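Undergrad: Sharing a structure below in structure tokens format, with a few things to ask.
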There are 2 protein chains.
Amino acid sequence: MNGAEHLVETLADQGVEICFANPGTSEMHFLSALENPRIKPVLCLFEGVATGAADGWYRMKDAPAATLLHLGPGLSNGLANIHNARRASSGMVNVVGEHSASHLKYDAPLTSDIEGLARPLSHWVRRIDGPDAVASDVAAGVAKANEHPGRIATLILPGDASWRDAGEIVRLPKPGRTMRAPDPARVEQVAKVLRSGEPTLIILANKATRGNALALAGQVAGRTGTRIGSQFFTARMERGAGRTPLERIPYSVKPALAFLAPFKHLVTVETTEPVAFFSYPDLPSQLKAPGTQVHALAEADEDSEAALAMLLDLLGPADGAALIQQRVETPVPSGALTPVAIAHALAAAIPENAIVVDESLTTGRETMGHTMGALPHDLINNMGGSIGYSPPVATGAALACPDRRTICMTGDGSAMYTIQALWTQAREQLPVTTIIFANNQYAILKAEFSNMGAGPAPGPRAMSMIDLTEPTIDWQAMAKSMGVPAVAVDTAEDFHRLLVASIRSEGPMLIEVRL
Amino acid sequence: MNGAEHLVETLADQGVEICFANPGTSEMHFLSALENPRIKPVLCLFEGVATGAADGWYRMKDAPAATLLHLGPGLSNGLANIHNARRASSGMVNVVGEHSASHLKYDAPLTSDIEGLARPLSHWVRRIDGPDAVASDVAAGVAKANEHPGRIATLILPGDASWRDAGEIVRLPKPGRTMRAPDPARVEQVAKVLRSGEPTLIILANKATRGNALALAGQVAGRTGTRIGSQFFTARMERGAGRTPLERIPYSVKPALAFLAPFKHLVTVETTEPVAFFSYPDLPSQLKAPGTQVHALAEADEDSEAALAMLLDLLGPADGAALIQQRVETPVPSGALTPVAIAHALAAAIPENAIVVDESLTTGRETMGHTMGALPHDLINNMGGSIGYSPPVATGAALACPDRRTICMTGDGSAMYTIQALWTQAREQLPVTTIIFANNQYAILKAEFSNMGAGPAPGPRAMSMIDLTEPTIDWQAMAKSMGVPAVAVDTAEDFHRLLVASIRSEGPMLIEVRL
């Protein structure tokens, strides 16, 4: 076997099932090795789609995907969604093709400092020295990606390490994932806080917003009356009827300050105290009230489920039922496509077990609470703030869960960043409904202009940098160009009707919501 | 004035005329400052379009544009075309918005190591410390970008440096561009080589492939009988009837070796000896024949026009006419869209003073020689090898030269990387004809698979990573989605006819060449 064959075999041995790829000349042996049926290769027409899809895969599988990127520029194109994945604690293994070692000194056109480009957003970077090192380096990279929280591992694969003979492969064991045990003293401290009866908010994140950890948090809330919530953005949350509901800390600074003002204590679970997304001239960065104490029940690398179980033990027998979201039957809305009507249509249409990828920004920011009582679903947010995360993440999530419907809600400005994802959705016939909120502007910036104190309203030239008209984007043509069926809607009832139709259909569909 | 106003004023004072922008919340004051009519803001719907457009602007203007990018991820999205610009010796000034200094310690979602991301592909990186530093830092950045060869300058602009009062602006002088004088000893050495009569190729690049430098090289060739050529890729070449013709070193390694085998001497002008683009298992990286000597007439930062003038002086009075390309009237081709027929159609259609941006890859690689005798035009190539350079570069070139037609030739795979450029072309109504060579595959990789020794031909899974069918891209729908009129052609005569029609039209057009 050559190095590339070792690479693919070892990825598979270590549990990697899929590779989101955009190959180039230096990766031809890797491509050849992908004939190995143990790994599914998925072609993405831009690297930001590949890395975003790897993020989406991880969010649903809790297991890293691989990406195949072409030298420094290919990695660069993937970095923004690597940033988002990193902030979402998603593990991934990036394989970056590189010139063979002997070619580097000639500074050929595609040469760049790949380590330098990789390091700022990777937790682990390694250049594979030669074919003999492939298997062990790949295993180390996957192990890194598999840590809790998930990590970004970047392997640099020189052409000669790929094409030279690597001999017999050494099959390396696949280690399990270890989580740091919670600190009993900190759990005890949180129990004391909850027993005090002082106003407290428990803020859950990452693995604590789903499964047994979330249910345990609901029991803590039921037992103590403490409130439980989440940051505004959460990597993946199990949500809807029958699940433990979490209060969402608002995005905007002033409402967030008001929301957090009553609490004497914030208890953090796999997260840190809430801070403003951006800094504003006359507003604080820290959102908690002065004097509020912050207690970490579980840090990012700790076992939060264990911590919540320990906490429940300390709190003693239940004297209240667990907090559970009731099903809310939302009537189908009609008329104008207001944010509330859109949220109502979603609430009425979301099917059981859907995956909702939310990059709705302005349109959905204030109204997603209306979908709390929908059928149980998973909700995924953008953790890194780099727009263009949702079409790729939806692509990866749908590949991870082909039997579930993925609903991708995105602003038009965001969608344009990584719109090439539609092509992969069409090729793989993925069950993704992409909803474009077409307000023909970076609407969020129009509001932020005055929030920032840049003036009462944008002038004509600033406005031309925010406005997406002249020309407006024809979303049906865009979807058609990449093989995705599309419709446009002007009313809430049509939105609901076509959303339901898309959910019942097979394969991808795009709905332009004309705002 | 606040810091952002200082920034825009100083950019203008230093000669920057245009800013390719994709702003975010942290850049609202910069946006407001762009009301200043001295700088034209151009909205790009993805940062790779902004940096590529800045590259195109520089290639035609020999003066840097500014870009406005949103924090680390916005910069990351622009890096691949920054890599291409860097390799093209294009100067640019990237302004990267950043959290205000006081906000950084909270590690908000969009926080990243911007310096770390900027350094591998920037020649100069500076974080603006505060509003007082804006004017001097901006002037230093523009001066860096203005060096010969052009440089990548990246300024990091924290929100507070932008919004805080910066007081009276200090108007800084705009320094001229200095070039290092050629080394007389090296020029003398080259004169000796040329006088020897031994087979010699002079390889011209960057500023030496146009204007007086190119004409002087033609005189050297006429006087001495030496051959003159270029690398396969050139940043900008003045070309066509009446210009000095340059022989192009082939792209593929074996033809390049054969082409260079006869030469005892290579004389380099603003470039270095030719090397293979990629490394292959059984082929050398260096393309010159063993024993061939390399002589630098002018290094990258030297004044090559002066060097060629000195050389001519040393060679003494002319005994041959300057080498001049004759006009070749190419008949309009008909029938199948072969690479040669495509080149003939181009040769017949290219209007005087056109700007041809070539990313045709497989389709145009072997046949661009057929356009040598077309009407005089500028030819621009991808210097960094990261695909997706041409629609953005064409956008910037057309803004730099609104009275000339820009013809952007691109493979379908490449075009998908930065297709958002079409929207900016529509908004600005730029005279750009985009020609998509739609072979529905990464055709170059199909050839490279066996060149690389990865096997005789790609297997089904490897092939699925090279093939762009299922679905094929509907280029007319794609263009329509972003407001660009489009046609598709199946014959050489239709290609020629619609190419001519697009050249006579106003505004952008896309022609899908169905291969």
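Simple scheme: letters A, B, ... for chains in structure tokens order, numbers from 1 for residues in each chain, numbers from 1 for ligands in the order shown.
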Could you go through region 339-511 of chain B and tell me which residues DSSP, when run on the backbone, assigns to strand (DSSP E or B), listing them as a ChimeraX atom specification?
TA: /B:354-359,377-381,406-411,432-438,441,467,486-489,509-511
Undergrad: Keeping N, CA and C atoms, export the residues of the selection given above as a CSV table (one decimal), in the first residue's frame.
TA:
chain,number,residue,atom,x,y,z
B,354,ALA,N,-8.8,45.1,-25.5
B,354,ALA,CA,-9.5,44.3,-24.6
B,354,ALA,C,-8.5,43.8,-23.5
B,355,ILE,N,-9.2,43.4,-22.4
B,355,ILE,CA,-8.4,42.8,-21.3
B,355,ILE,C,-8.9,41.4,-21.2
B,356,VAL,N,-8.0,40.4,-21.4
B,356,VAL,CA,-8.4,39.0,-21.4
B,356,VAL,C,-7.9,38.4,-20.1
B,357,VAL,N,-8.8,37.9,-19.3
B,357,VAL,CA,-8.4,37.3,-18.1
B,357,VAL,C,-8.6,35.8,-18.3
B,358,ASP,N,-7.5,35.1,-18.2
B,358,ASP,CA,-7.5,33.7,-18.7
B,358,ASP,C,-7.4,32.7,-17.5
B,359,GLU,N,-8.5,32.0,-17.3
B,359,GLU,CA,-8.4,30.9,-16.3
B,359,GLU,C,-9.1,29.7,-17.0
B,377,HIS,N,-4.1,43.6,-27.1
B,377,HIS,CA,-4.9,43.4,-25.9
B,377,HIS,C,-3.9,43.1,-24.7
B,378,ASP,N,-4.5,43.1,-23.5
B,378,ASP,CA,-3.8,42.7,-22.3
B,378,ASP,C,-4.2,41.3,-21.9
B,379,LEU,N,-3.3,40.5,-21.6
B,379,LEU,CA,-3.6,39.1,-21.1
B,379,LEU,C,-3.2,39.0,-19.7
B,380,ILE,N,-4.1,38.5,-18.9
B,380,ILE,CA,-3.9,38.3,-17.4
B,380,ILE,C,-4.0,36.8,-17.1
B,381,ASN,N,-3.0,36.3,-16.3
B,381,ASN,CA,-3.1,34.9,-15.9
B,381,ASN,C,-3.2,34.7,-14.4
B,406,THR,N,-13.6,43.6,-20.9
B,406,THR,CA,-12.9,42.6,-20.2
B,406,THR,C,-13.5,41.2,-20.6
B,407,ILE,N,-12.7,40.3,-21.1
B,407,ILE,CA,-13.1,39.0,-21.4
B,407,ILE,C,-12.5,38.0,-20.4
B,408,CYS,N,-13.4,37.4,-19.7
B,408,CYS,CA,-13.0,36.5,-18.6
B,408,CYS,C,-13.3,35.1,-19.0
B,409,MET,N,-12.2,34.3,-19.3
B,409,MET,CA,-12.4,32.9,-19.7
B,409,MET,C,-12.1,32.0,-18.5
B,410,THR,N,-13.1,31.2,-18.2
B,410,THR,CA,-12.9,30.3,-17.0
B,410,THR,C,-13.5,29.0,-17.2
B,411,GLY,N,-12.9,28.0,-16.6
B,411,GLY,CA,-13.4,26.7,-16.5
B,411,GLY,C,-14.6,26.7,-15.6
B,432,VAL,N,-18.0,43.2,-18.8
B,432,VAL,CA,-17.3,42.0,-18.7
B,432,VAL,C,-18.0,40.9,-19.4
B,433,THR,N,-17.4,40.2,-20.3
B,433,THR,CA,-17.9,39.0,-20.9
B,433,THR,C,-17.3,37.8,-20.2
B,434,THR,N,-18.1,37.0,-19.5
B,434,THR,CA,-17.6,35.8,-18.9
B,434,THR,C,-17.9,34.6,-19.8
B,435,ILE,N,-16.8,33.9,-20.1
B,435,ILE,CA,-17.0,32.7,-20.9
B,435,ILE,C,-16.7,31.5,-20.1
B,436,ILE,N,-17.8,30.7,-19.9
B,436,ILE,CA,-17.6,29.5,-19.1
B,436,ILE,C,-17.4,28.3,-20.0
B,437,PHE,N,-16.2,27.7,-19.9
B,437,PHE,CA,-15.9,26.5,-20.6
B,437,PHE,C,-16.5,25.3,-19.8
B,438,ALA,N,-17.7,24.9,-20.2
B,438,ALA,CA,-18.5,24.0,-19.4
B,438,ALA,C,-18.3,22.6,-19.9
B,441,GLN,N,-16.6,19.0,-15.7
B,441,GLN,CA,-15.6,18.2,-14.9
B,441,GLN,C,-14.5,19.1,-14.6
B,467,ASP,N,-15.8,14.7,-11.7
B,467,ASP,CA,-17.0,14.9,-12.5
B,467,ASP,C,-17.9,15.9,-11.9
B,486,ALA,N,-27.3,36.0,-20.2
B,486,ALA,CA,-26.5,34.8,-20.5
B,486,ALA,C,-27.0,34.1,-21.7
B,487,VAL,N,-26.1,33.5,-22.5
B,487,VAL,CA,-26.5,32.7,-23.6
B,487,VAL,C,-25.6,31.4,-23.5
B,488,ALA,N,-26.0,30.4,-24.3
B,488,ALA,CA,-25.2,29.2,-24.3
B,488,ALA,C,-24.9,28.9,-25.8
B,489,VAL,N,-23.7,28.4,-26.1
B,489,VAL,CA,-23.4,28.1,-27.5
B,489,VAL,C,-22.9,26.7,-27.6
B,509,MET,N,-22.1,40.1,-19.6
B,509,MET,CA,-22.8,39.0,-20.2
B,509,MET,C,-22.0,37.7,-19.9
B,510,LEU,N,-22.7,36.6,-19.9
B,510,LEU,CA,-22.1,35.3,-19.7
B,510,LEU,C,-22.4,34.4,-20.9
B,511,ILE,N,-21.4,33.8,-21.4
B,511,ILE,CA,-21.5,32.8,-22.5
B,511,ILE,C,-21.1,31.5,-22.0
Undergrad: Need the shell around Ala348 (chain B): protein/DNA/RNA residues with any atom at most 9 Å away, counting only C-alpha atoms. Skip same-chain ones fewer than 4 positions apart. Format as a VMD selection string?
TA: chain B and resid 328 to 333 343 to 344 371 374 to 375 496
Undergrad: Would you export the selected residues with N, CA and C atoms as a tab-separated table (two decimals), in the first residue's frame, please?
TA:
chain	number	residue	atom	x	y	z
B	328	VAL	N	-2.62	38.88	-37.49
B	328	VAL	CA	-3.09	37.68	-38.18
B	328	VAL	C	-4.61	37.77	-38.24
B	329	GLU	N	-5.12	37.84	-39.44
B	329	GLU	CA	-6.58	37.89	-39.60
B	329	GLU	C	-7.09	36.45	-39.52
B	330	THR	N	-7.73	36.13	-38.45
B	330	THR	CA	-8.19	34.76	-38.27
B	330	THR	C	-9.60	34.62	-38.80
B	331	PRO	N	-9.84	33.69	-39.74
B	331	PRO	CA	-11.22	33.51	-40.23
B	331	PRO	C	-12.11	33.01	-39.10
B	332	VAL	N	-13.37	33.38	-39.18
B	332	VAL	CA	-14.33	32.91	-38.17
B	332	VAL	C	-14.48	31.40	-38.31
B	333	PRO	N	-14.27	30.67	-37.23
B	333	PRO	CA	-14.36	29.21	-37.33
B	333	PRO	C	-15.82	28.76	-37.33
B	343	ALA	N	-10.08	29.01	-29.78
B	343	ALA	CA	-9.01	29.99	-29.86
B	343	ALA	C	-9.14	30.84	-31.12
B	344	HIS	N	-9.54	30.22	-32.21
B	344	HIS	CA	-9.73	30.98	-33.45
B	344	HIS	C	-10.88	31.98	-33.29
B	371	THR	N	-4.02	33.17	-30.54
B	371	THR	CA	-4.51	34.55	-30.40
B	371	THR	C	-3.35	35.55	-30.40
B	374	ALA	N	-3.95	38.52	-32.69
B	374	ALA	CA	-5.20	39.27	-32.54
B	374	ALA	C	-4.89	40.75	-32.38
B	375	LEU	N	-5.93	41.57	-32.37
B	375	LEU	CA	-5.73	43.00	-32.11
B	375	LEU	C	-5.07	43.16	-30.74
B	496	HIS	N	-18.45	32.65	-31.70
B	496	HIS	CA	-17.88	33.89	-32.23
B	496	HIS	C	-18.94	34.99	-32.32
Undergrad: Got a sec: who's within 9 Å of Asp129 (chain B), counting only C-alpha atoms, leaving out chain neighbours fewer than 6 positions off, as an MDAnalysis selection string?
TA: chainID B and resid 101 157:158 161
Undergrad: Excluding Asp494 (chain B) and its own-chain neighbours fewer than 6 positions away, which residues fall within 12 Å of it when counting only C-alpha atoms? Please give them as a list of chain:residue names.
TA: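 Near Asp494 (chain B), the qualifying residues are B:Val332, B:Pro333, B:Ser334, B:Gly335, B:Ala336, B:Leu337, B:Ala341, B:Ile342, B:Ala345, B:Leu346, B:Ala349, B:Val487, B:Ala488, B:Val500, B:Ala501, B:Ser502, B:Ile511, B:Glu512, B:Val513, B:Arg514.
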Undergrad: May I ask which of the residues B:Ala457, B:Val96, B:Ile444, B:Ala300 is the closest one to Ser162 (chain B), counting only C-alpha atoms?
TA: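 Answer, going by the shortest atom-to-atom distance: B:Val96.
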Undergrad: Give me, as a tab-separated table (two decimals) with N, CA and C atoms, in the first residue's frame, all polymer residues having an atom no more than 12 Å from Thr424 (chain B), counting only C-alpha atoms and skipping those fewer than 6 positions away in the same chain.
TA:
chain	number	residue	atom	x	y	z
A	464	SER	N	-25.58	51.50	0.26
A	464	SER	CA	-25.31	50.65	-0.90
A	464	SER	C	-24.42	49.46	-0.53
A	465	MET	N	-23.76	49.52	0.60
A	465	MET	CA	-22.96	48.39	1.08
A	465	MET	C	-23.79	47.41	1.91
A	468	LEU	N	-28.93	44.69	-0.89
A	468	LEU	CA	-28.63	43.66	-1.88
A	468	LEU	C	-29.55	43.74	-3.09
A	469	THR	N	-30.12	44.91	-3.31
A	469	THR	CA	-30.88	45.09	-4.55
A	469	THR	C	-29.94	45.65	-5.60
A	470	GLU	N	-30.49	45.81	-6.81
A	470	GLU	CA	-29.67	46.28	-7.95
A	470	GLU	C	-28.46	45.40	-8.11
A	471	PRO	N	-28.57	44.20	-8.52
A	471	PRO	CA	-29.81	43.48	-8.76
A	471	PRO	C	-30.26	42.69	-7.52
A	472	THR	N	-31.55	42.41	-7.44
A	472	THR	CA	-31.99	41.45	-6.44
A	472	THR	C	-31.62	40.05	-6.95
A	473	ILE	N	-31.39	39.16	-6.03
A	473	ILE	CA	-31.00	37.80	-6.41
A	473	ILE	C	-32.25	36.98	-6.72
B	20	PHE	N	-13.04	47.52	-2.08
B	20	PHE	CA	-13.90	46.36	-2.30
B	20	PHE	C	-14.29	45.81	-0.93
B	21	ALA	N	-15.59	45.82	-0.66
B	21	ALA	CA	-16.01	45.67	0.73
B	21	ALA	C	-17.04	44.57	0.94
B	22	ASN	N	-16.90	43.88	2.04
B	22	ASN	CA	-17.99	43.11	2.61
B	22	ASN	C	-17.98	43.37	4.10
B	41	PRO	N	-16.80	52.87	-2.88
B	41	PRO	CA	-16.98	51.56	-2.26
B	41	PRO	C	-17.72	50.62	-3.23
B	42	VAL	N	-17.27	49.40	-3.30
B	42	VAL	CA	-17.89	48.40	-4.18
B	42	VAL	C	-18.23	47.18	-3.33
B	43	LEU	N	-19.51	46.84	-3.28
B	43	LEU	CA	-19.93	45.71	-2.46
B	43	LEU	C	-19.67	44.39	-3.18
B	44	CYS	N	-19.06	43.47	-2.46
B	44	CYS	CA	-18.83	42.11	-2.97
B	44	CYS	C	-19.54	41.15	-2.03
B	45	LEU	N	-20.17	40.13	-2.56
B	45	LEU	CA	-21.00	39.26	-1.72
B	45	LEU	C	-20.20	38.10	-1.12
B	46	PHE	N	-18.92	38.14	-1.28
B	46	PHE	CA	-18.03	37.17	-0.65
B	46	PHE	C	-16.63	37.79	-0.67
B	47	GLU	N	-15.86	37.56	0.37
B	47	GLU	CA	-14.58	38.28	0.48
B	47	GLU	C	-13.57	37.85	-0.57
B	49	VAL	N	-14.18	37.55	-3.57
B	49	VAL	CA	-14.43	38.46	-4.69
B	49	VAL	C	-13.72	39.79	-4.44
B	50	ALA	N	-13.79	40.26	-3.19
B	50	ALA	CA	-13.18	41.55	-2.86
B	50	ALA	C	-11.66	41.52	-3.08
B	53	ALA	N	-10.82	41.14	-6.76
B	53	ALA	CA	-11.07	42.38	-7.49
B	53	ALA	C	-9.94	43.38	-7.23
B	391	PRO	N	-13.18	35.42	-12.19
B	391	PRO	CA	-14.33	36.35	-12.14
B	391	PRO	C	-14.05	37.56	-11.23
B	392	PRO	N	-13.43	37.39	-10.06
B	392	PRO	CA	-13.09	38.58	-9.27
B	392	PRO	C	-12.06	39.48	-9.95
B	393	VAL	N	-11.01	38.90	-10.52
B	393	VAL	CA	-9.98	39.73	-11.16
B	393	VAL	C	-10.58	40.50	-12.33
B	394	ALA	N	-11.45	39.84	-13.09
B	394	ALA	CA	-12.11	40.54	-14.20
B	394	ALA	C	-12.96	41.70	-13.68
B	395	THR	N	-13.60	41.50	-12.54
B	395	THR	CA	-14.42	42.55	-11.94
B	395	THR	C	-13.56	43.77	-11.59
B	396	GLY	N	-12.43	43.52	-10.95
B	396	GLY	CA	-11.54	44.63	-10.58
B	396	GLY	C	-10.91	45.29	-11.79
B	398	ALA	N	-12.17	45.49	-14.78
B	398	ALA	CA	-13.19	46.27	-15.49
B	398	ALA	C	-13.50	47.58	-14.76
B	399	LEU	N	-13.45	47.55	-13.43
B	399	LEU	CA	-13.65	48.81	-12.70
B	399	LEU	C	-12.47	49.74	-12.93
B	418	THR	N	-15.94	31.40	-7.00
B	418	THR	CA	-16.17	32.82	-6.67
B	418	THR	C	-17.23	33.39	-7.60
B	430	LEU	N	-20.67	46.30	-15.35
B	430	LEU	CA	-19.31	46.29	-15.87
B	430	LEU	C	-19.26	45.62	-17.24
B	431	PRO	N	-18.38	46.12	-18.10
B	431	PRO	CA	-18.27	45.56	-19.46
B	431	PRO	C	-17.44	44.27	-19.45
B	432	VAL	N	-17.97	43.25	-18.82
B	432	VAL	CA	-17.26	41.97	-18.70
B	432	VAL	C	-18.04	40.89	-19.44
B	479	ALA	N	-26.33	32.73	-14.11
B	479	ALA	CA	-26.11	34.14	-14.47
B	479	ALA	C	-27.38	34.96	-14.21
B	482	MET	N	-28.13	36.25	-10.74
B	482	MET	CA	-27.40	37.42	-10.25
B	482	MET	C	-27.47	38.59	-11.22
B	483	GLY	N	-28.44	38.55	-12.12
B	483	GLY	CA	-28.70	39.72	-12.96
B	483	GLY	C	-27.78	39.90	-14.14
B	484	VAL	N	-27.12	38.83	-14.57
B	484	VAL	CA	-26.24	38.92	-15.73
B	484	VAL	C	-26.91	38.18	-16.90
B	507	GLY	N	-22.47	46.56	-20.38
B	507	GLY	CA	-22.69	45.74	-19.18
B	507	GLY	C	-22.20	44.33	-19.36
B	508	PRO	N	-22.43	43.50	-18.35
B	508	PRO	CA	-21.88	42.14	-18.35
B	508	PRO	C	-22.72	41.17	-19.17
Undergrad: Of the candidates A:Ala322, A:Ala276, A:Ala443, A:Ala191, which shows the shortest atom-to-atom distance to chain B, using only C-alpha atoms?
TA: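 Residue with the minimum atom-to-atom distance to chain B: A:Ala276.
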Undergrad: Using the chain letters and numbers from this document, which residues of region 409-489 of chain A does DSSP assign to alpha helix (DSSP H), as a PyMOL selection string?
TA: chain A and resi 412-415+421-427+443-451+460-464+475-481
Undergrad: Find the distance between CA of Glu493 (chain B) and CA of Leu422 (chain B) and write it in Å to one decimal.
TA: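 CA of Leu422 (chain B) lies 25.3 Å from CA of Glu493 (chain B).
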Undergrad: Have a look at B:Glu448, B:Glu5, B:Gly453, B:Lys288 and name the one nearest to Glu35 (chain B); count only C-alpha atoms.
TA: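 Under the stated criterion, the closest residue is B:Glu5.
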Undergrad: Measuring between only C-alpha atoms, which one of A:Thr111, A:Asn94, A:Asn2, A:Thr363 shows the shortest distance to Ile18 (chain A)?
TA: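 Among the listed residues, the smallest separation from Ile18 (chain A) belongs to A:Asn94.
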Undergrad: When distances are computed from only C-alpha atoms, which of A:Val170, A:Ala63, A:Met237, A:Ala208 shows the smallest separation from Gly150 (chain A)?
TA: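 Between A:Val170, A:Ala63, A:Met237, A:Ala208, the residue approaching Gly150 (chain A) most closely is A:Ala63.
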Undergrad: Could you tell me how far CA of Gly413 (chain B) lies from CA of Glu27 (chain A), in Å and to one decimal?
TA: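 Computed distance, CA of Gly413 (chain B) to CA of Glu27 (chain A), equals 16.4 Å.
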Undergrad: Here is a test: counting only C-alpha atoms, which residue of A:Ala145, A:Leu283, A:Ala215, A:Ala289 is nearest to chain B?
TA: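 The closest residue to chain B is A:Leu283.
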